[in-house]
2 protein chains.
Amino acid sequence: MSVWIECVPNISEGRDPAQVEKVVAAVKAVPGITWLDLSSDADHHRSVLTFLGDAQALEQAVLAMFEAVAGFIDLGQHQGNHPRMGAVDVVPFIPIRNATIADCVALSKRVGEQVAARFGVPVTLYEHSASAPHRRNLAAVRKGEFEGLAQKLQEAEWRPDFGPAAPHPKLGAVAMGAREALVAYNIYLGTQDLSIAKAIAAAIRGSSGGLAHVKALGIDIPERQQVQVSMNLVDFRKNPLYRVVNLVRSEAQRWGVPVTSTEIVGLVPQDALLEAAAYHLQLEGYSPALVLENRIADAMAAAAKEA
Amino acid sequence: MSVWIECVPNISEGRDPAQVEKVVAAVKAVPGITWLDLSSDADHHRSVLTFLGDAQALEQAVLAMFEAVAGFIDLGQHQGNHPRMGAVDVVPFIPIRNATIADCVALSKRVGEQVAARFGVPVTLYEHSASAPHRRNLAAVRKGEFEGLAQKLQEAEWRPDFGPAAPHPKLGAVAMGAREALVAYNIYLGTQDLSIAKAIAAAIRGSSGGLAHVKALGIDIPERQQVQVSMNLVDFRKNPLYRVVNLVRSEAQRWGVPVTSTEIVGLVPQDALLEAAAYHLQLEGYSPALVLENRIADAMAAAAKEA
């Protein structure tokens with residue numbers, strides 16, 4: 001069974017394509033890495049890299065990425081619109097196939113320990129890897145940014161998990177952790193009444209007592225003459241799409257309002273959709289291994305490994 | 001370009017794992033075969049094998065499978081809930097990648113000719129390989145089962161395409177042909193009344209006026225104290241799973257009987273499940289390109305091409 005873990009590091013360079021290309025090349029050169037995407041933003045002065053591999057390949061790739069970044073990014077000289085605390089700012093590991101969150105937590109700790117040892121960069125574990133609940137949220141870990149690090153890392157509750165309790169002069173610090181893939185999911189309602197979308201959003205989101213892993217807002221979509229419940233599902237395994245849409249339908253009934261359609265923004269993990277299929281079909285013993293294409297992909301990967 | 005043709009033979013042994021394992025081992029031993037799945041059913045007394053290869057590998061694998069089956073299955077001694085006419089009952093070839101239905105038709109004829117010559121088993125071509133329209137449907141080819149073969153094979157319109165016009169005493173006869181991917185799908189009902197499963201099967205199957213691409217039987221599953229609507233969906237794009245289960249639910253309401261669960265036998269193409277998800281979620285603009293893993297597979301195929 002081939003293991004697919006996605007890694008989506010953010011680096012603090014979004015203006016010089018030649019420099020970014022050096023980092024990309026260093027990652028691509030690691031055996032077992034499948035390159036997926038690069039997205040650079042000059043305003044944010046930041047690039048998002050997306051690649052895939054098993055734990056061993058990703059460990060090498062992240063170290064190679066630090067090596068390349070250390071060659072040219074100096075965070076003391078860096079200004080951009082996006083909050084950042086490191087040259088490599090954040091390194092999330094996301095289980096895609098044949099890997100669990102626990103696997104990704106273990107991987108983030110292993111890689112974090114090595115990054116600290118080899119580069120002298122303080123590493124703070126976040127999300128599922130966090131060593132305490134208050135360190136789970138990335139925004140909290142990054143608050144104060146590079147400029148505030150020297151003081152923050154001295155505080156007992158923000159001491160890094162690995163490396164020195166002081167920022168690296170050029171590389172700053174890095175957040176590493178395991179998280180689930182995020183699904184951006186919108187539900188359209190058959191009404192123009194924004195207060196209904198807001199009431200439903202409030203009923204279903206975790207922050208106001210609804211489903212723990214759902215973030216939701218009511219939004220007006222004037223060009224469609226409709227309102228929308230706009231959501232981020234931050235753990236689609238614990239709060240699956242089918243349950244979210246069923247709950248929204250059931251809340252909407254209170255006002256006699258139908259769900260007219262839904263949409264996914266960006267990409268969605270196969271499991272998130274297959275879970276909805278399994279629910280609707282009442283499938284017994286459903287597993288992704290039932291899917292022909294998954295077996296073929298595994299068989300191809302196994303054959304490639306043997307060859 | 002590697003050619004991927006799927007082969008899904010059904011053999012009339014579902015109760016003795018050791019015997020089935022001999023057949024599996026014979027297939028796996030053939031170079032170029034990628035093994036995908038085995039699913040055995042004791043009630044049906046039947047096993048479904050799923051493997052993949054190019055035409056040359058599949059030709060050898062099917063002959064090896066007949067050799068293994070001839071060593072122990074005696075259809076004269078066989079009783080099970082599923083209609084059958086052969087020890088190897090049916091051998092479909094399905095184009096997956098870099099292969100067409102025409103390639104699979106040619107392959108079925110080449111393999112059929114050799115099976116008839118080497119084992120003295122009558123071979124009837126079906127589906128896209130059929131030599132006449134009335135021979136296309138597997139249920140029609142198999143009607144009368146093993147017990148009725150001696151007479152049927154003498155009839156002008158049912159003479160086999162290859163081999164003697166008489167059943168092999170132990171192996172019976174075999175249907176071979178090219179077809180599109182099939183989904184074997186069973187729906188369990190919350191009742192032990194077989195007449196209800198039979199009435200629902202009759203209402204939904206194409207042969208009695210229901211959905212054109214659905215084949216259905218009502219079957220008793222005594223060890224679960226339930227009955228089942230057992231189906232083959234021969235074109236899941238035209239008759240999607242969600243519509244089939246919705247129709248069965250709606251028919252079952254007539255008797256106040258619930259659908260308790262459903263099951264997929266063997267493997268299922270991703271699209272068949274994703275269509276059910278899109279239905280349940282009322283997804284706008286759904287396409288397989290929304291699925292992260294499909295993008296990953298594309299990236300991997302592109303990388304493999306470069307290498």
# chains A, B, ... in the order shown; residues from 1 in each chain; ligands from 1
call {"tool": "interface_residues", "arguments": {"of": "chain B", "to": "chain A", "cutoff": "7 Å", "atoms": "only C-alpha atoms", "output": "PyMOL selection string"}}
result
chain B and resi 34+36+242+245+261-263+266-270+273-274+276-277+280-284+290-293+296+299-300
call {"tool": "calpha_fit_rmsd", "arguments": {"fixed": "chain B", "moving": "chain A"}}
result
5.5 Å
call {"tool": "residues_around", "arguments": {"residues": "stretch 108-125 of chain A", "least_positions_apart": "2", "cutoff": "7 Å", "atoms": "only C-alpha atoms", "output": "count of residues only"}}
result
25
call {"tool": "select_by_dssp", "arguments": {"residues": "stretch 160-257 of chain A", "states": "strand (DSSP E)", "output": "ChimeraX atom specification"}}
result
/A:174-178,183-189,214-221,226-233
call {"tool": "select_by_dssp", "arguments": {"residues": "stretch 40-111 of chain A", "states": "alpha helix (DSSP H)", "output": "NGL selection string"}}
result
:A and (55-70 or 101-111)
call {"tool": "write_last_selection", "arguments": {"atoms": "N, CA and C atoms", "output": "short mmCIF file (atom, residue, chain, number, x, y, z; two decimals), in the first residue's frame"}}
result
data_model
loop_
_atom_site.label_atom_id
_atom_site.label_comp_id
_atom_site.auth_asym_id
_atom_site.auth_seq_id
_atom_site.Cartn_x
_atom_site.Cartn_y
_atom_site.Cartn_z
N ALA A 55 6.49 9.12 4.52
CA ALA A 55 7.15 9.82 5.62
C ALA A 55 8.64 10.01 5.35
N GLN A 56 9.28 8.97 4.84
CA GLN A 56 10.72 9.01 4.61
C GLN A 56 11.09 10.08 3.58
N ALA A 57 10.37 10.10 2.48
CA ALA A 57 10.64 11.07 1.42
C ALA A 57 10.39 12.50 1.92
N LEU A 58 9.31 12.68 2.69
CA LEU A 58 8.98 14.03 3.16
C LEU A 58 10.02 14.54 4.16
N GLU A 59 10.52 13.64 4.98
CA GLU A 59 11.55 14.02 5.94
C GLU A 59 12.76 14.61 5.20
N GLN A 60 13.20 13.91 4.19
CA GLN A 60 14.33 14.39 3.38
C GLN A 60 13.99 15.69 2.67
N ALA A 61 12.77 15.76 2.13
CA ALA A 61 12.39 16.92 1.32
C ALA A 61 12.33 18.18 2.18
N VAL A 62 11.81 18.07 3.41
CA VAL A 62 11.71 19.25 4.27
C VAL A 62 13.12 19.72 4.68
N LEU A 63 14.00 18.78 4.96
CA LEU A 63 15.38 19.17 5.29
C LEU A 63 16.05 19.83 4.09
N ALA A 64 15.83 19.29 2.90
CA ALA A 64 16.42 19.88 1.68
C ALA A 64 15.86 21.29 1.45
N MET A 65 14.59 21.47 1.77
CA MET A 65 13.96 22.77 1.61
C MET A 65 14.59 23.79 2.57
N PHE A 66 14.82 23.42 3.83
CA PHE A 66 15.47 24.32 4.79
C PHE A 66 16.87 24.69 4.31
N GLU A 67 17.58 23.70 3.82
CA GLU A 67 18.94 23.91 3.30
C GLU A 67 18.91 24.99 2.21
N ALA A 68 17.96 24.86 1.28
CA ALA A 68 17.88 25.80 0.16
C ALA A 68 17.46 27.19 0.65
N VAL A 69 16.47 27.25 1.53
CA VAL A 69 15.96 28.52 2.03
C VAL A 69 17.04 29.27 2.83
N ALA A 70 17.83 28.50 3.59
CA ALA A 70 18.88 29.10 4.42
C ALA A 70 19.91 29.83 3.56
N ILE A 101 -3.64 10.65 11.00
CA ILE A 101 -3.18 11.85 11.69
C ILE A 101 -2.03 11.49 12.64
N ALA A 102 -2.15 10.34 13.30
CA ALA A 102 -1.08 9.92 14.23
C ALA A 102 0.24 9.75 13.49
N ASP A 103 0.19 9.19 12.28
CA ASP A 103 1.41 9.07 11.47
C ASP A 103 2.01 10.44 11.20
N CYS A 104 1.13 11.41 10.91
CA CYS A 104 1.61 12.76 10.57
C CYS A 104 2.13 13.49 11.80
N VAL A 105 1.53 13.22 12.96
CA VAL A 105 2.05 13.80 14.20
C VAL A 105 3.47 13.29 14.44
N ALA A 106 3.65 11.98 14.32
CA ALA A 106 4.98 11.39 14.53
C ALA A 106 5.99 11.98 13.55
N LEU A 107 5.56 12.13 12.29
CA LEU A 107 6.45 12.68 11.26
C LEU A 107 6.85 14.11 11.59
N SER A 108 5.88 14.93 12.02
CA SER A 108 6.19 16.34 12.32
C SER A 108 7.19 16.45 13.46
N LYS A 109 7.09 15.53 14.44
CA LYS A 109 8.03 15.58 15.57
C LYS A 109 9.43 15.16 15.13
N ARG A 110 9.48 14.13 14.30
CA ARG A 110 10.78 13.64 13.82
C ARG A 110 11.47 14.73 13.00
N VAL A 111 10.72 15.33 12.08
CA VAL A 111 11.30 16.36 11.21
C VAL A 111 11.66 17.59 12.03
#
call {"tool": "atom_distance", "arguments": {"atom1": "atom CA of B:Arg254", "atom2": "atom CA of B:Ala197"}}
result
12.0 Å
call {"tool": "atom_distance", "arguments": {"atom1": "atom CA of B:Leu247", "atom2": "atom CA of A:Ser250"}}
result
23.0 Å
call {"tool": "residues_around", "arguments": {"residues": "stretch 208-220 of chain B", "least_positions_apart": "2", "cutoff": "7 Å", "atoms": "only C-alpha atoms", "output": "PyMOL selection string"}}
result
chain B and resi 194+197-198+201-206+222+226-235+239
call {"tool": "write_last_selection", "arguments": {"atoms": "all heavy atoms", "output": "short mmCIF file (atom, residue, chain, number, x, y, z; two decimals), in the first residue's frame"}}
result
data_model
loop_
_atom_site.label_atom_id
_atom_site.label_comp_id
_atom_site.auth_asym_id
_atom_site.auth_seq_id
_atom_site.Cartn_x
_atom_site.Cartn_y
_atom_site.Cartn_z
N LEU B 194 -39.34 -13.32 1.17
CA LEU B 194 -38.66 -13.35 -0.14
C LEU B 194 -39.53 -12.77 -1.25
O LEU B 194 -39.02 -12.20 -2.22
CB LEU B 194 -38.25 -14.79 -0.47
CG LEU B 194 -37.47 -15.00 -1.76
CD1 LEU B 194 -36.18 -14.19 -1.77
CD2 LEU B 194 -37.16 -16.48 -1.97
N ALA B 197 -38.74 -9.11 -1.80
CA ALA B 197 -37.50 -8.88 -2.55
C ALA B 197 -37.70 -9.19 -4.02
O ALA B 197 -37.21 -8.46 -4.91
CB ALA B 197 -36.37 -9.74 -1.97
N LYS B 198 -38.46 -10.26 -4.31
CA LYS B 198 -38.70 -10.62 -5.70
C LYS B 198 -39.57 -9.58 -6.41
O LYS B 198 -39.33 -9.25 -7.58
CB LYS B 198 -39.35 -12.01 -5.78
CG LYS B 198 -38.36 -13.12 -5.47
CD LYS B 198 -38.94 -14.51 -5.70
CE LYS B 198 -37.82 -15.55 -5.62
NZ LYS B 198 -38.32 -16.92 -5.81
N ALA B 201 -37.36 -6.54 -7.06
CA ALA B 201 -36.43 -6.84 -8.15
C ALA B 201 -37.15 -6.74 -9.50
O ALA B 201 -36.63 -6.16 -10.46
CB ALA B 201 -35.82 -8.23 -7.96
N ALA B 202 -38.36 -7.30 -9.55
CA ALA B 202 -39.13 -7.27 -10.80
C ALA B 202 -39.49 -5.83 -11.19
O ALA B 202 -39.51 -5.48 -12.37
CB ALA B 202 -40.40 -8.11 -10.67
N ALA B 203 -39.77 -5.00 -10.18
CA ALA B 203 -40.17 -3.61 -10.46
C ALA B 203 -39.02 -2.78 -11.00
O ALA B 203 -39.24 -1.88 -11.80
CB ALA B 203 -40.72 -2.97 -9.18
N ILE B 204 -37.80 -3.08 -10.58
CA ILE B 204 -36.69 -2.19 -10.94
C ILE B 204 -35.85 -2.69 -12.10
O ILE B 204 -35.12 -1.91 -12.70
CB ILE B 204 -35.76 -1.90 -9.73
CG1 ILE B 204 -35.05 -3.17 -9.29
CG2 ILE B 204 -36.54 -1.28 -8.58
CD1 ILE B 204 -33.80 -2.86 -8.49
N ARG B 205 -35.89 -3.98 -12.44
CA ARG B 205 -34.97 -4.48 -13.47
C ARG B 205 -35.49 -4.19 -14.87
O ARG B 205 -36.70 -4.20 -15.13
CB ARG B 205 -34.68 -5.96 -13.28
CG ARG B 205 -35.82 -6.87 -13.62
CD ARG B 205 -35.49 -8.34 -13.36
NE ARG B 205 -36.73 -9.10 -13.32
CZ ARG B 205 -37.04 -9.97 -12.37
NH1 ARG B 205 -36.21 -10.21 -11.39
NH2 ARG B 205 -38.20 -10.60 -12.41
N GLY B 206 -34.54 -3.96 -15.76
CA GLY B 206 -34.88 -3.62 -17.14
C GLY B 206 -35.68 -4.69 -17.85
O GLY B 206 -36.61 -4.38 -18.61
N PRO B 222 -30.46 -16.53 4.48
CA PRO B 222 -30.95 -17.10 5.75
C PRO B 222 -30.07 -16.76 6.96
O PRO B 222 -30.60 -16.52 8.04
CB PRO B 222 -30.98 -18.61 5.48
CG PRO B 222 -30.32 -18.85 4.17
CD PRO B 222 -30.24 -17.55 3.45
N GLN B 226 -32.69 -12.20 6.54
CA GLN B 226 -33.12 -11.08 5.70
C GLN B 226 -33.24 -11.55 4.27
O GLN B 226 -32.69 -12.59 3.90
CB GLN B 226 -32.05 -9.98 5.73
CG GLN B 226 -31.95 -9.21 7.01
CD GLN B 226 -31.08 -7.98 6.83
OE1 GLN B 226 -29.87 -8.09 6.80
NE2 GLN B 226 -31.69 -6.82 6.72
N VAL B 227 -33.89 -10.75 3.47
CA VAL B 227 -33.84 -10.97 2.03
C VAL B 227 -33.08 -9.81 1.41
O VAL B 227 -32.85 -8.77 2.04
CB VAL B 227 -35.25 -11.09 1.40
CG1 VAL B 227 -35.96 -12.32 1.95
CG2 VAL B 227 -36.06 -9.81 1.63
N GLN B 228 -32.70 -10.02 0.14
CA GLN B 228 -31.80 -9.09 -0.53
C GLN B 228 -32.28 -8.89 -1.97
O GLN B 228 -32.70 -9.84 -2.62
CB GLN B 228 -30.42 -9.74 -0.52
CG GLN B 228 -29.31 -8.98 -1.18
CD GLN B 228 -28.08 -9.87 -1.34
OE1 GLN B 228 -28.02 -10.67 -2.27
NE2 GLN B 228 -27.14 -9.75 -0.44
N VAL B 229 -32.18 -7.66 -2.44
CA VAL B 229 -32.31 -7.42 -3.88
C VAL B 229 -30.88 -7.41 -4.41
O VAL B 229 -30.08 -6.53 -4.07
CB VAL B 229 -33.02 -6.09 -4.19
CG1 VAL B 229 -33.15 -5.90 -5.70
CG2 VAL B 229 -34.39 -6.05 -3.52
N SER B 230 -30.54 -8.44 -5.18
CA SER B 230 -29.17 -8.63 -5.67
C SER B 230 -29.10 -8.14 -7.11
O SER B 230 -29.87 -8.59 -7.95
CB SER B 230 -28.81 -10.11 -5.58
OG SER B 230 -27.53 -10.34 -6.11
N MET B 231 -28.20 -7.19 -7.37
CA MET B 231 -28.21 -6.52 -8.68
C MET B 231 -26.87 -6.48 -9.37
O MET B 231 -25.82 -6.47 -8.73
CB MET B 231 -28.67 -5.07 -8.49
CG MET B 231 -30.14 -4.97 -8.17
SD MET B 231 -30.56 -3.30 -7.63
CE MET B 231 -29.74 -3.28 -6.05
N ASN B 232 -26.93 -6.43 -10.69
CA ASN B 232 -25.80 -6.00 -11.48
C ASN B 232 -26.21 -4.72 -12.19
O ASN B 232 -27.23 -4.69 -12.88
CB ASN B 232 -25.41 -7.06 -12.52
CG ASN B 232 -24.50 -8.11 -11.93
OD1 ASN B 232 -23.72 -7.82 -11.04
ND2 ASN B 232 -24.60 -9.33 -12.44
N LEU B 233 -25.43 -3.66 -12.00
CA LEU B 233 -25.67 -2.41 -12.69
C LEU B 233 -24.71 -2.40 -13.88
O LEU B 233 -23.50 -2.28 -13.70
CB LEU B 233 -25.42 -1.22 -11.78
CG LEU B 233 -26.08 -1.30 -10.39
CD1 LEU B 233 -25.84 -0.01 -9.60
CD2 LEU B 233 -27.58 -1.57 -10.50
N VAL B 234 -25.26 -2.59 -15.07
CA VAL B 234 -24.37 -2.80 -16.22
C VAL B 234 -23.98 -1.49 -16.89
O VAL B 234 -23.10 -1.47 -17.75
CB VAL B 234 -24.99 -3.79 -17.25
CG1 VAL B 234 -25.20 -5.15 -16.60
CG2 VAL B 234 -26.28 -3.26 -17.84
N ASP B 235 -24.60 -0.40 -16.50
CA ASP B 235 -24.15 0.92 -16.95
C ASP B 235 -24.46 1.93 -15.85
O ASP B 235 -25.53 2.53 -15.81
CB ASP B 235 -24.81 1.32 -18.28
CG ASP B 235 -24.17 2.56 -18.89
OD1 ASP B 235 -23.59 3.38 -18.13
OD2 ASP B 235 -24.25 2.72 -20.11
N ASN B 239 -27.72 4.45 -15.20
CA ASN B 239 -28.59 4.10 -14.06
C ASN B 239 -27.76 4.17 -12.78
O ASN B 239 -27.30 3.15 -12.27
CB ASN B 239 -29.16 2.68 -14.22
CG ASN B 239 -30.16 2.51 -15.35
OD1 ASN B 239 -30.47 1.39 -15.74
ND2 ASN B 239 -30.67 3.61 -15.90
#
call {"tool": "closest_residue", "arguments": {"among": "A:Ala199, A:Leu153, A:Ile94, A:Ser287", "to": "A:Val248", "atoms": "only C-alpha atoms"}}
result
A:Ala199
call {"tool": "atom_distance", "arguments": {"atom1": "atom CA of B:Thr191", "atom2": "atom CA of B:Arg249"}}
result
13.1 Å
call {"tool": "residues_around", "arguments": {"residues": "stretch 137-144 of chain A", "least_positions_apart": "3", "cutoff": "8 Å", "atoms": "only C-alpha atoms", "output": "count of residues only"}}
result
13
